[in-house]
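J.: The structure file input-v6.txt (compact mmCIF, C-alpha atoms and all ligand atoms) is provided below.
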```
# COMPACT_ATOMS: atom_id res chain seq x y z
CA MET P 1231 -15.82 16.89 6.92
CA ASN P 1232 -12.41 16.15 8.38
CA GLY P 1233 -9.63 15.97 5.84
CA LEU P 1234 -6.28 14.32 6.44
CA GLN P 1235 -2.97 16.01 5.91
CA ILE P 1236 0.21 13.99 5.62
CA LEU P 1237 2.94 15.59 7.71
CA GLY P 1238 5.75 13.07 7.31
CA THR P 1239 6.42 9.76 5.58
CA GLY P 1240 8.88 6.89 5.99
CA ARG P 1241 9.71 3.49 4.57
CA ALA P 1242 11.85 0.45 5.30
CA LEU P 1243 12.76 -2.43 3.01
CA PRO P 1244 14.69 -5.58 3.90
CA ALA P 1245 18.27 -5.56 2.60
CA HIS P 1246 18.05 -8.84 0.67
CA ARG P 1247 17.23 -8.39 -3.06
CA VAL P 1248 15.76 -11.32 -4.95
CA THR P 1249 15.94 -11.06 -8.73
CA ASN P 1250 13.76 -12.85 -11.25
CA ASP P 1251 16.78 -14.96 -12.16
CA ASP P 1252 17.09 -15.99 -8.50
CA LEU P 1253 13.48 -17.23 -8.56
CA ALA P 1254 14.06 -18.98 -11.89
CA GLN P 1255 16.59 -21.21 -10.12
CA ARG P 1256 13.79 -22.58 -7.95
CA VAL P 1257 10.65 -22.58 -10.14
CA ASP P 1258 10.01 -22.91 -13.86
CA THR P 1259 9.95 -19.24 -14.85
CA ASN P 1260 12.18 -16.63 -16.43
CA HIS P 1261 12.98 -12.90 -16.25
CA GLU P 1262 11.33 -12.06 -19.58
CA TRP P 1263 8.02 -13.72 -18.65
CA ILE P 1264 7.88 -11.99 -15.26
CA VAL P 1265 8.75 -8.55 -16.67
CA ALA P 1266 6.30 -8.86 -19.56
CA ARG P 1267 3.40 -10.09 -17.38
CA THR P 1268 4.00 -8.00 -14.26
CA GLY P 1269 6.70 -5.32 -14.68
CA ILE P 1270 8.61 -6.75 -11.70
CA HIS P 1271 12.41 -6.98 -11.91
CA GLU P 1272 13.22 -7.73 -8.29
CA ARG P 1273 11.72 -7.75 -4.79
CA ARG P 1274 13.03 -7.80 -1.22
CA PHE P 1275 12.63 -10.79 1.09
CA ALA P 1276 13.37 -10.46 4.78
CA GLN P 1277 16.26 -12.52 6.01
CA GLY P 1278 16.04 -12.19 9.76
CA GLU P 1279 14.29 -8.82 9.84
CA THR P 1280 10.94 -8.85 11.64
CA LEU P 1281 7.93 -6.80 10.61
CA THR P 1282 8.34 -4.93 13.88
CA GLN P 1283 11.84 -3.83 12.88
CA LEU P 1284 10.71 -2.62 9.45
CA THR P 1285 7.55 -0.88 10.63
CA VAL P 1286 9.33 0.82 13.54
CA GLN P 1287 12.09 2.05 11.21
CA ALA P 1288 9.49 3.47 8.80
CA ALA P 1289 7.52 5.02 11.69
CA ARG P 1290 10.61 6.69 13.19
CA GLN P 1291 11.44 8.27 9.83
CA ALA P 1292 7.86 9.52 9.40
CA LEU P 1293 7.91 11.09 12.87
CA GLU P 1294 11.26 12.74 12.20
CA ARG P 1295 10.10 14.14 8.85
CA ALA P 1296 6.92 15.44 10.52
CA GLY P 1297 9.03 17.16 13.18
CA LEU P 1298 7.03 15.39 15.91
CA THR P 1299 7.82 13.00 18.74
CA VAL P 1300 6.03 9.93 20.07
CA ALA P 1301 4.48 12.13 22.78
CA ASP P 1302 2.45 13.92 20.06
CA ILE P 1303 0.75 10.78 18.72
CA GLY P 1304 -2.89 10.13 19.68
CA LEU P 1305 -3.67 7.12 17.46
CA CYS P 1306 -1.66 4.28 15.91
CA ILE P 1307 -3.09 2.04 13.19
CA THR P 1308 -1.21 -0.67 11.32
CA ALA P 1309 -2.55 -2.19 8.13
CA THR P 1310 -1.15 -5.68 7.66
CA VAL P 1311 -2.07 -9.31 7.05
CA THR P 1312 1.33 -10.65 8.13
CA PRO P 1313 1.87 -9.36 11.69
CA ASP P 1314 4.70 -10.76 13.81
CA TYR P 1315 2.12 -12.17 16.25
CA LEU P 1316 -1.56 -13.01 15.92
CA THR P 1317 -1.87 -11.23 19.23
CA PRO P 1318 -0.77 -8.72 20.44
CA SER P 1319 -1.35 -6.72 17.30
CA GLN P 1320 1.46 -5.34 15.15
CA ALA P 1321 0.38 -1.85 16.23
CA CYS P 1322 0.87 -2.81 19.89
CA LEU P 1323 4.39 -4.05 19.10
CA ILE P 1324 5.13 -0.70 17.43
CA HIS P 1325 3.56 1.07 20.42
CA GLN P 1326 5.90 -0.80 22.75
CA GLU P 1327 9.06 -0.27 20.65
CA LEU P 1328 8.45 3.44 20.15
CA GLY P 1329 7.12 4.08 23.67
CA LEU P 1330 3.88 5.68 22.48
CA PRO P 1331 1.67 7.24 25.20
CA GLU P 1332 -0.78 4.96 27.04
CA ASP P 1333 -3.77 7.01 25.94
CA CYS P 1334 -2.83 6.40 22.29
CA PRO P 1335 -5.00 3.49 21.09
CA ALA P 1336 -3.13 1.07 18.82
CA PHE P 1337 -4.70 -1.61 16.65
CA ASP P 1338 -4.32 -3.52 13.39
CA LEU P 1339 -6.60 -3.34 10.44
CA SER P 1340 -6.97 -6.16 7.92
CA ALA P 1341 -8.12 -5.08 4.46
CA GLY P 1342 -5.49 -6.78 2.30
CA CYS P 1343 -3.73 -4.49 -0.12
CA THR P 1344 -6.34 -1.77 0.49
CA GLY P 1345 -5.33 -1.62 4.16
CA PHE P 1346 -3.53 1.73 4.09
CA LEU P 1347 -6.56 3.45 2.51
CA TYR P 1348 -8.81 1.94 5.16
CA ALA P 1349 -6.35 3.16 7.82
CA MET P 1350 -6.37 6.72 6.44
CA GLU P 1351 -10.16 6.96 6.43
CA THR P 1352 -10.38 5.38 9.90
CA ALA P 1353 -7.90 7.97 11.19
CA ALA P 1354 -9.86 10.81 9.56
CA ALA P 1355 -12.95 9.64 11.45
CA MET P 1356 -11.31 8.85 14.79
CA LEU P 1357 -8.67 11.55 15.23
CA PRO P 1358 -11.03 14.38 16.20
CA ARG P 1359 -12.06 12.27 19.22
CA MET P 1360 -8.53 11.41 20.33
CA SER P 1361 -6.55 13.20 23.03
CA ARG P 1362 -3.88 14.37 20.55
CA PRO P 1363 -4.30 15.55 16.95
CA TYR P 1364 -1.72 13.33 15.22
CA ALA P 1365 -1.92 9.72 14.07
CA LEU P 1366 0.80 7.28 13.10
CA LEU P 1367 -0.36 5.11 10.19
CA VAL P 1368 1.71 2.14 9.11
CA GLY P 1369 1.26 -0.31 6.23
CA GLY P 1370 3.61 -3.22 5.86
CA GLU P 1371 4.00 -6.90 5.19
CA LEU P 1372 6.41 -9.79 5.25
CA LEU P 1373 4.56 -11.60 2.48
CA SER P 1374 7.49 -13.99 2.05
CA ARG P 1375 6.07 -15.60 5.21
CA ILE P 1376 2.90 -16.76 3.46
CA VAL P 1377 3.98 -17.16 -0.16
CA ASP P 1378 4.68 -20.68 -1.40
CA MET P 1379 8.17 -20.35 -2.92
CA ASP P 1380 7.44 -23.40 -5.08
CA ASP P 1381 4.30 -21.86 -6.65
CA ARG P 1382 5.44 -19.88 -9.70
CA SER P 1383 2.08 -18.16 -10.08
CA THR P 1384 2.44 -16.31 -6.75
CA CYS P 1385 6.09 -16.34 -5.63
CA ILE P 1386 7.10 -13.97 -8.44
CA LEU P 1387 4.55 -11.30 -7.49
CA PHE P 1388 5.08 -10.45 -3.85
CA GLY P 1389 7.70 -8.78 -1.67
CA ASP P 1390 8.36 -7.52 1.86
CA GLY P 1391 8.42 -3.91 3.02
CA ALA P 1392 6.78 -1.22 5.15
CA GLY P 1393 5.77 2.40 4.85
CA ALA P 1394 4.43 4.91 7.35
CA ALA P 1395 2.84 8.33 7.53
CA VAL P 1396 2.19 10.78 10.34
CA VAL P 1397 -1.08 12.59 9.68
CA LYS P 1398 -3.33 15.16 11.27
CA THR P 1399 -6.95 16.06 10.62
CA ASP P 1400 -7.84 19.44 9.25
CA PRO P 1401 -11.46 20.49 8.69
CA GLU P 1402 -10.21 22.83 5.94
CA ALA P 1403 -8.27 20.18 4.02
CA PRO P 1404 -10.09 18.75 0.97
CA TRP P 1405 -10.50 15.01 1.48
CA PHE P 1406 -12.56 12.68 -0.71
CA CYS P 1407 -12.51 9.03 0.14
CA HIS P 1408 -14.41 5.93 -0.90
CA LEU P 1409 -14.04 2.41 0.49
CA GLY P 1410 -15.69 -0.72 -0.90
CA THR P 1411 -15.99 -4.41 -0.04
CA ARG P 1412 -17.29 -7.41 -1.94
CA GLY P 1413 -16.85 -10.40 0.35
CA ARG P 1414 -15.22 -13.11 -1.81
CA GLN P 1415 -12.92 -15.38 0.17
CA GLU P 1416 -12.30 -17.86 -2.66
CA VAL P 1417 -10.44 -15.38 -4.93
CA LEU P 1418 -7.54 -14.57 -2.62
CA TRP P 1419 -6.94 -16.16 0.77
CA ALA P 1420 -4.42 -17.50 3.27
CA LEU P 1421 -4.66 -19.60 6.42
CA GLY P 1422 -8.19 -20.96 6.40
CA PRO P 1423 -9.33 -23.74 8.80
CA GLY P 1424 -7.01 -26.72 8.54
CA ASN P 1425 -4.86 -24.93 5.99
CA HIS P 1426 -1.25 -25.69 6.87
CA PRO P 1427 1.15 -24.40 5.79
CA ALA P 1428 -0.47 -20.99 5.60
CA TYR P 1429 0.21 -20.24 1.95
CA LEU P 1430 -1.48 -17.50 0.00
CA HIS P 1431 -3.81 -18.73 -2.74
CA MET P 1432 -4.95 -16.52 -5.57
CA ASP P 1433 -6.97 -16.65 -8.76
CA GLY P 1434 -4.71 -14.21 -10.63
CA GLN P 1435 -6.97 -13.65 -13.62
CA GLU P 1436 -10.00 -13.01 -11.44
CA VAL P 1437 -8.04 -10.45 -9.35
CA PHE P 1438 -6.89 -8.81 -12.59
CA GLN P 1439 -10.49 -8.49 -13.85
CA PHE P 1440 -11.71 -7.28 -10.47
CA ALA P 1441 -9.06 -4.53 -10.46
CA LEU P 1442 -10.01 -3.33 -13.92
CA GLU P 1443 -13.68 -3.37 -13.03
CA THR P 1444 -13.37 -1.45 -9.77
CA VAL P 1445 -10.36 0.89 -9.92
CA PRO P 1446 -11.29 3.11 -12.91
CA ALA P 1447 -14.86 3.38 -11.53
CA LEU P 1448 -13.42 4.28 -8.12
CA ALA P 1449 -11.28 7.03 -9.66
CA ARG P 1450 -14.30 8.47 -11.49
CA GLN P 1451 -16.34 8.33 -8.29
CA LEU P 1452 -13.69 10.34 -6.41
CA LEU P 1453 -13.43 12.89 -9.24
CA ASP P 1454 -17.23 13.31 -9.19
CA LYS P 1455 -17.26 13.80 -5.42
CA ALA P 1456 -14.54 16.45 -5.70
CA GLY P 1457 -15.96 18.09 -8.83
CA LEU P 1458 -12.59 17.68 -10.55
CA ASP P 1459 -11.59 16.60 -14.03
CA LYS P 1460 -9.17 13.65 -14.35
CA ASP P 1461 -6.56 16.02 -15.84
CA GLN P 1462 -6.61 18.21 -12.71
CA VAL P 1463 -5.14 15.37 -10.66
CA ASP P 1464 -1.35 15.79 -10.60
CA TRP P 1465 -0.44 12.34 -9.30
CA TYR P 1466 -2.18 8.99 -9.26
CA VAL P 1467 -0.61 6.66 -6.67
CA PRO P 1468 -1.94 3.16 -7.40
CA HIS P 1469 -1.48 -0.03 -5.41
CA GLN P 1470 1.53 -1.73 -7.00
CA ALA P 1471 0.20 -5.17 -7.92
CA ASN P 1472 1.02 -5.41 -11.62
CA HIS P 1473 2.29 -2.86 -14.16
CA ARG P 1474 -0.25 -4.15 -16.67
CA ILE P 1475 -3.11 -3.32 -14.27
CA VAL P 1476 -1.75 0.22 -13.79
CA ALA P 1477 -1.33 0.70 -17.54
CA SER P 1478 -4.87 -0.58 -18.22
CA VAL P 1479 -6.35 1.70 -15.54
CA ALA P 1480 -4.50 4.70 -17.02
CA LYS P 1481 -5.75 3.80 -20.50
CA ARG P 1482 -9.36 3.40 -19.36
CA LEU P 1483 -9.23 6.75 -17.58
CA LYS P 1484 -7.47 8.35 -20.57
CA VAL P 1485 -4.77 9.68 -18.25
CA PRO P 1486 -1.09 9.63 -19.36
CA LEU P 1487 0.76 6.76 -17.70
CA GLU P 1488 3.45 9.24 -16.58
CA LYS P 1489 0.98 10.58 -14.02
CA PHE P 1490 0.88 7.17 -12.31
CA TYR P 1491 3.74 6.64 -9.86
CA GLU P 1492 5.21 3.16 -10.19
CA ASN P 1493 7.94 1.31 -8.31
CA ILE P 1494 6.77 -2.27 -8.76
CA ALA P 1495 9.94 -3.04 -10.75
CA SER P 1496 12.00 -2.75 -7.55
CA TYR P 1497 9.75 -4.18 -4.83
CA GLY P 1498 6.96 -6.30 -6.34
CA ASN P 1499 3.66 -6.21 -4.47
CA THR P 1500 4.13 -5.41 -0.76
CA SER P 1501 0.34 -5.32 -0.21
CA ALA P 1502 -0.54 -2.75 2.50
CA GLY P 1503 2.99 -1.35 2.14
CA THR P 1504 2.82 -0.22 -1.49
CA ILE P 1505 1.05 3.12 -1.09
CA PRO P 1506 2.98 4.53 1.90
CA ILE P 1507 6.26 3.32 0.37
CA ALA P 1508 5.36 5.06 -2.90
CA LEU P 1509 4.39 8.29 -1.12
CA ASP P 1510 7.66 8.31 0.79
CA GLU P 1511 9.70 7.81 -2.39
CA MET P 1512 7.75 10.62 -4.08
CA VAL P 1513 8.49 12.96 -1.15
CA GLU P 1514 12.17 12.07 -1.30
CA GLN P 1515 12.29 12.67 -5.06
CA GLY P 1516 10.58 16.05 -4.67
CA LEU P 1517 7.68 14.96 -6.91
CA LEU P 1518 4.91 16.12 -4.57
CA LYS P 1519 4.49 19.91 -4.65
CA ASP P 1520 2.38 22.21 -2.56
CA GLY P 1521 -1.24 22.36 -3.75
CA GLN P 1522 -1.07 19.34 -6.05
CA TRP P 1523 -4.02 16.96 -6.21
CA VAL P 1524 -3.07 13.38 -5.33
CA MET P 1525 -5.26 10.31 -5.79
CA CYS P 1526 -4.33 7.06 -4.04
CA LEU P 1527 -6.06 3.93 -5.38
CA GLY P 1528 -6.03 0.50 -3.78
CA PHE P 1529 -7.60 -2.94 -4.24
CA GLY P 1530 -6.99 -6.35 -2.79
CA ALA P 1531 -8.03 -9.33 -0.74
CA GLY P 1532 -11.51 -9.33 0.73
CA LEU P 1533 -12.25 -8.32 -1.91
CA THR P 1534 -11.72 -4.70 -0.93
CA TRP P 1535 -10.99 -1.44 -2.72
CA GLY P 1536 -10.52 2.14 -1.66
CA GLY P 1537 -9.34 5.51 -2.82
CA ALA P 1538 -8.50 8.91 -1.40
CA LEU P 1539 -8.23 12.21 -3.26
CA PHE P 1540 -6.56 15.06 -1.41
CA ARG P 1541 -4.39 18.14 -1.85
CA TRP P 1542 -0.74 17.82 -1.02
CA LYS P 1543 0.65 20.35 1.40
CA SER P 1544 4.41 20.65 1.23
CA MET P 1545 6.25 19.94 4.46
CA GLU P 1546 7.67 23.51 4.54
CA GLU P 1547 4.16 25.03 4.39
CA ARG P 1548 2.98 23.28 7.55
N1 LIG J 1601 6.50 -18.07 -15.21
C1 LIG J 1601 6.20 -18.64 -16.39
N2 LIG J 1601 4.96 -19.07 -16.69
C2 LIG J 1601 4.00 -18.88 -15.77
C3 LIG J 1601 4.24 -18.29 -14.52
C4 LIG J 1601 5.55 -17.89 -14.26
N3 LIG J 1601 5.90 -17.30 -13.09
N4 LIG J 1601 3.10 -18.25 -13.82
C5 LIG J 1601 2.15 -18.79 -14.62
N5 LIG J 1601 2.70 -19.19 -15.78
C6 LIG J 1601 2.05 -19.82 -16.91
C7 LIG J 1601 0.75 -20.49 -16.55
O1 LIG J 1601 0.98 -21.79 -16.04
C8 LIG J 1601 0.05 -20.52 -17.87
O2 LIG J 1601 0.56 -21.58 -18.64
P1 LIG J 1601 -0.42 -22.45 -19.58
O3 LIG J 1601 -0.97 -21.47 -20.59
O4 LIG J 1601 0.50 -23.46 -20.15
O5 LIG J 1601 -1.48 -22.99 -18.67
C9 LIG J 1601 0.50 -19.21 -18.54
O6 LIG J 1601 1.71 -18.85 -17.88
C10 LIG J 1601 -0.48 -18.10 -18.46
O7 LIG J 1601 -0.94 -18.01 -17.10
P2 LIG J 1601 -1.99 -16.95 -16.67
O8 LIG J 1601 -2.34 -17.17 -15.23
O9 LIG J 1601 -3.08 -16.91 -17.67
O10 LIG J 1601 -1.12 -15.61 -16.81
P3 LIG J 1601 -1.59 -14.12 -16.67
O11 LIG J 1601 -1.29 -13.38 -17.90
O12 LIG J 1601 -2.97 -14.04 -16.11
O13 LIG J 1601 -0.57 -13.59 -15.57
C11 LIG J 1601 -0.57 -13.00 -13.26
C12 LIG J 1601 -0.59 -14.14 -14.27
C13 LIG J 1601 0.72 -12.25 -13.44
C14 LIG J 1601 -0.65 -13.62 -11.87
C15 LIG J 1601 -1.77 -12.08 -13.52
O14 LIG J 1601 -2.97 -12.82 -13.61
C16 LIG J 1601 -1.93 -11.05 -12.45
O15 LIG J 1601 -1.06 -10.22 -12.22
N6 LIG J 1601 -3.08 -11.01 -11.81
C17 LIG J 1601 -3.33 -10.05 -10.74
C18 LIG J 1601 -2.70 -10.57 -9.52
C19 LIG J 1601 -2.68 -9.55 -8.45
O16 LIG J 1601 -2.67 -8.37 -8.72
N7 LIG J 1601 -2.65 -10.05 -7.24
C20 LIG J 1601 -2.56 -9.28 -6.09
C21 LIG J 1601 -3.68 -8.30 -5.92
S1 LIG J 1601 -4.35 -8.26 -4.38
C22 LIG J 1601 -3.07 -8.21 -3.43
O17 LIG J 1601 -2.22 -7.39 -3.70
C23 LIG J 1601 -2.93 -9.16 -2.29
```
Could you render the structure as structure tokens?

T.:
Amino acid sequence: MNGLQILGTGRALPAHRVTNDDLAQRVDTNHEWIVARTGIHERRFAQGETLTQLTVQAARQALERAGLTVADIGLCITATVTPDYLTPSQACLIHQELGLPEDCPAFDLSAGCTGFLYAMETAAAMLPRMSRPYALLVGGELLSRIVDMDDRSTCILFGDGAGAAVVKTDPEAPWFCHLGTRGRQEVLWALGPGNHPAYLHMDGQEVFQFALETVPALARQLLDKAGLDKDQVDWYVPHQANHRIVASVAKRLKVPLEKFYENIASYGNTSAGTIPIALDEMVEQGLLKDGQWVMCLGFGAGLTWGGALFRWKSMEER
């Protein structure tokens, strides 16, 4: 079994903050409703920034924190549903901007908000066959591109942002991962045939129920695989879709909410960006300590879900 170790993280958010009051000037909503139903206070919307700029900024920071250069990278995967171009992939644009080596394959992966988990497990499987032992994993979105700013049921939820991690495989590193898919296009979708403009459509209540059905079960599945008790996990890092979902998952697992890292108040849901952004903030705040058990939990469009349970190794110990 090849485990993944995170060597460095990075993030990049657009400068422009959009508050709930800002949105209330355009649609029939208000700050109190949004906070009570979602936990979101503000989000960032790109104003001129491209996804390439954000993802490259996050990637550069992750490389720097890992103490590596582009010449060390043997694999580049980007999880996104809002790339700058349909083709070439977002990963190829990052490859070009950073000047990654030609024998470093680069490709995008589309698994909605679960994308970063899918990217991690893909890297764990592929890296041992690559010419270099390090992978650059990026998750990021400009969801403001596909959100209908006149639809109050979606425009309040989403934001723009990117996160990145430089990882290596280690056969000694504990790594427990589970990925799931239940193909259901009609629950959450954007840009189907003849669908212009390409707005995101979502059955919010169905997504809510889906999350509560799958995420606690996913967490228990990972604990079983690892032979750990829920209380032995030091940090749960959930996809940031809605504070109420996180609180319900914590309650169902009987885990104190304080063990769940949350930043949805500041950024809203940045889809494939939420988990790497959260990890980078946690590193910066010194929350992740050597030897701690960390469980990342994601769910999203597809429908997809995925989780990874691993032991944190502090950057100094590497
Ligand atoms: N402001 C004020 N009222 C609103 C708003 C708003 N922004 N949006 C909806 N309402 C109204 C509705 O019209 C409805 O009014 P009605 O009772 O007169 O018909 C009422 O509020 C209740 O609407 P519900 O949809 O039942 O509200 P709910 O409590 O379900 O909250 C929400 C909606 C926040 C979207 C919730 O369902 C949710 O968070 N679901 C999960 C969504 C999610 O996580 N999506 C992303 C996951 S996958 C991914 O990340 C891509």

J.: Residues near segment 1369-1376 of chain P, anyone? I mean within 8 Å using only C-alpha atoms, not counting same-chain ones fewer than 5 positions away, as an NGL selection string.

T.: :P and (1275-1276 or 1280-1281 or 1284-1285 or 1308-1313 or 1345-1346 or 1388-1394 or 1420 or 1428-1430 or 1500-1504 or 1506)

J.: Name the closest residue to Thr1268 of chain P among the candidates P:Leu1448, P:Leu1387, P:Ala1477, P:Val1467; distances are taken between atoms, counting all atoms listed in the file.

T.: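 For Thr1268 of chain P, the nearest of the given residues is P:Leu1387.
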
J.: Determine, using only C-alpha atoms and all ligand atoms, which residues of chain P have any atom at most 8 Å from an atom of ligand LIG 1601 (chain J), and tabulate each with its shortest atom pair and distance in Å to one decimal place, rows ordered by chain and then rising number, as a Markdown table.

T.:
```
| residue | atom | partner | partner_atom | distance |
| --- | --- | --- | --- | --- |
| P:Val1257 | CA | J:LIG1601 | N3 | 7.7 |
| P:Asp1258 | CA | J:LIG1601 | N1 | 6.1 |
| P:Thr1259 | CA | J:LIG1601 | N1 | 3.7 |
| P:Asn1260 | CA | J:LIG1601 | N1 | 6.0 |
| P:Trp1263 | CA | J:LIG1601 | C1 | 5.7 |
| P:Ile1264 | CA | J:LIG1601 | N3 | 6.1 |
| P:Arg1267 | CA | J:LIG1601 | C13 | 5.2 |
| P:Thr1268 | CA | J:LIG1601 | C13 | 5.4 |
| P:Gly1342 | CA | J:LIG1601 | C23 | 5.8 |
| P:Cys1343 | CA | J:LIG1601 | O17 | 4.8 |
| P:Arg1382 | CA | J:LIG1601 | N3 | 4.3 |
| P:Ser1383 | CA | J:LIG1601 | N4 | 3.9 |
| P:Thr1384 | CA | J:LIG1601 | C14 | 6.6 |
| P:Cys1385 | CA | J:LIG1601 | N3 | 7.5 |
| P:Ile1386 | CA | J:LIG1601 | N3 | 5.8 |
| P:Leu1387 | CA | J:LIG1601 | C13 | 7.1 |
| P:Phe1388 | CA | J:LIG1601 | O17 | 7.9 |
| P:Leu1418 | CA | J:LIG1601 | C23 | 7.1 |
| P:Met1432 | CA | J:LIG1601 | N7 | 7.1 |
| P:Asp1433 | CA | J:LIG1601 | O14 | 7.4 |
| P:Gly1434 | CA | J:LIG1601 | O14 | 3.7 |
| P:Gln1435 | CA | J:LIG1601 | O14 | 4.1 |
| P:Glu1436 | CA | J:LIG1601 | N6 | 7.2 |
| P:Val1437 | CA | J:LIG1601 | C17 | 4.9 |
| P:Phe1438 | CA | J:LIG1601 | C17 | 4.2 |
| P:Gln1439 | CA | J:LIG1601 | C17 | 8.0 |
| P:Ala1441 | CA | J:LIG1601 | O16 | 7.7 |
| P:His1469 | CA | J:LIG1601 | O17 | 7.6 |
| P:Gln1470 | CA | J:LIG1601 | O17 | 7.5 |
| P:Ala1471 | CA | J:LIG1601 | O16 | 4.4 |
| P:Asn1472 | CA | J:LIG1601 | O15 | 5.3 |
| P:Arg1474 | CA | J:LIG1601 | O15 | 7.6 |
| P:Ile1475 | CA | J:LIG1601 | O15 | 7.5 |
| P:Asn1499 | CA | J:LIG1601 | O17 | 6.0 |
| P:Thr1500 | CA | J:LIG1601 | O17 | 7.3 |
| P:Ser1501 | CA | J:LIG1601 | O17 | 4.8 |
| P:Ala1502 | CA | J:LIG1601 | O17 | 7.9 |
| P:Phe1529 | CA | J:LIG1601 | S1 | 6.2 |
| P:Gly1530 | CA | J:LIG1601 | S1 | 3.6 |
| P:Ala1531 | CA | J:LIG1601 | S1 | 5.3 |
```

J.: Env of segment 1289-1302 of chain P: 8 Å cut, atoms = all atoms listed in the file, seq-sep filter 4 positions within chain, self excluded. Answer as a tab-separated table (two decimals) with C-alpha atoms, in the coordinates of the input.

T.:
```
chain	number	residue	atom	x	y	z
P	1237	LEU	CA	2.94	15.59	7.71
P	1238	GLY	CA	5.75	13.07	7.31
P	1239	THR	CA	6.42	9.76	5.58
P	1240	GLY	CA	8.88	6.89	5.99
P	1241	ARG	CA	9.71	3.49	4.57
P	1285	THR	CA	7.55	-0.88	10.63
P	1328	LEU	CA	8.45	3.44	20.15
P	1329	GLY	CA	7.12	4.08	23.67
P	1330	LEU	CA	3.88	5.68	22.48
P	1331	PRO	CA	1.67	7.24	25.20
P	1362	ARG	CA	-3.88	14.37	20.55
P	1363	PRO	CA	-4.30	15.55	16.95
P	1364	TYR	CA	-1.72	13.33	15.22
P	1366	LEU	CA	0.80	7.28	13.10
P	1368	VAL	CA	1.71	2.14	9.11
P	1393	GLY	CA	5.77	2.40	4.85
P	1394	ALA	CA	4.43	4.91	7.35
P	1395	ALA	CA	2.84	8.33	7.53
P	1396	VAL	CA	2.19	10.78	10.34
P	1545	MET	CA	6.25	19.94	4.46
```

J.: Please report the interatomic distance between atom CA of Gly1516 of chain P and atom CA of Glu1279 of chain P in Å with one decimal.

T.: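 That distance, rounded to one decimal, is 29.0 Å.
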
J.: Report, in Å to a single decimal, how far apart atom CA of Leu1533 of chain P and atom CA of Gln1415 of chain P are.

T.: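 Going from atom CA of Gln1415 of chain P over to atom CA of Leu1533 of chain P covers 7.4 Å.
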
J.: By how many Å are atom CA of Gln1522 of chain P and atom CA of Ile1505 of chain P apart?

T.: 17.1 Å

J.: Do you know which residues are at most 9 Å from Val1248 of chain P counting all atoms listed in the file, after dropping those on the same chain fewer than 6 positions away, and could you put them as a PyMOL selection string?

T.: chain P and resi 1271-1275
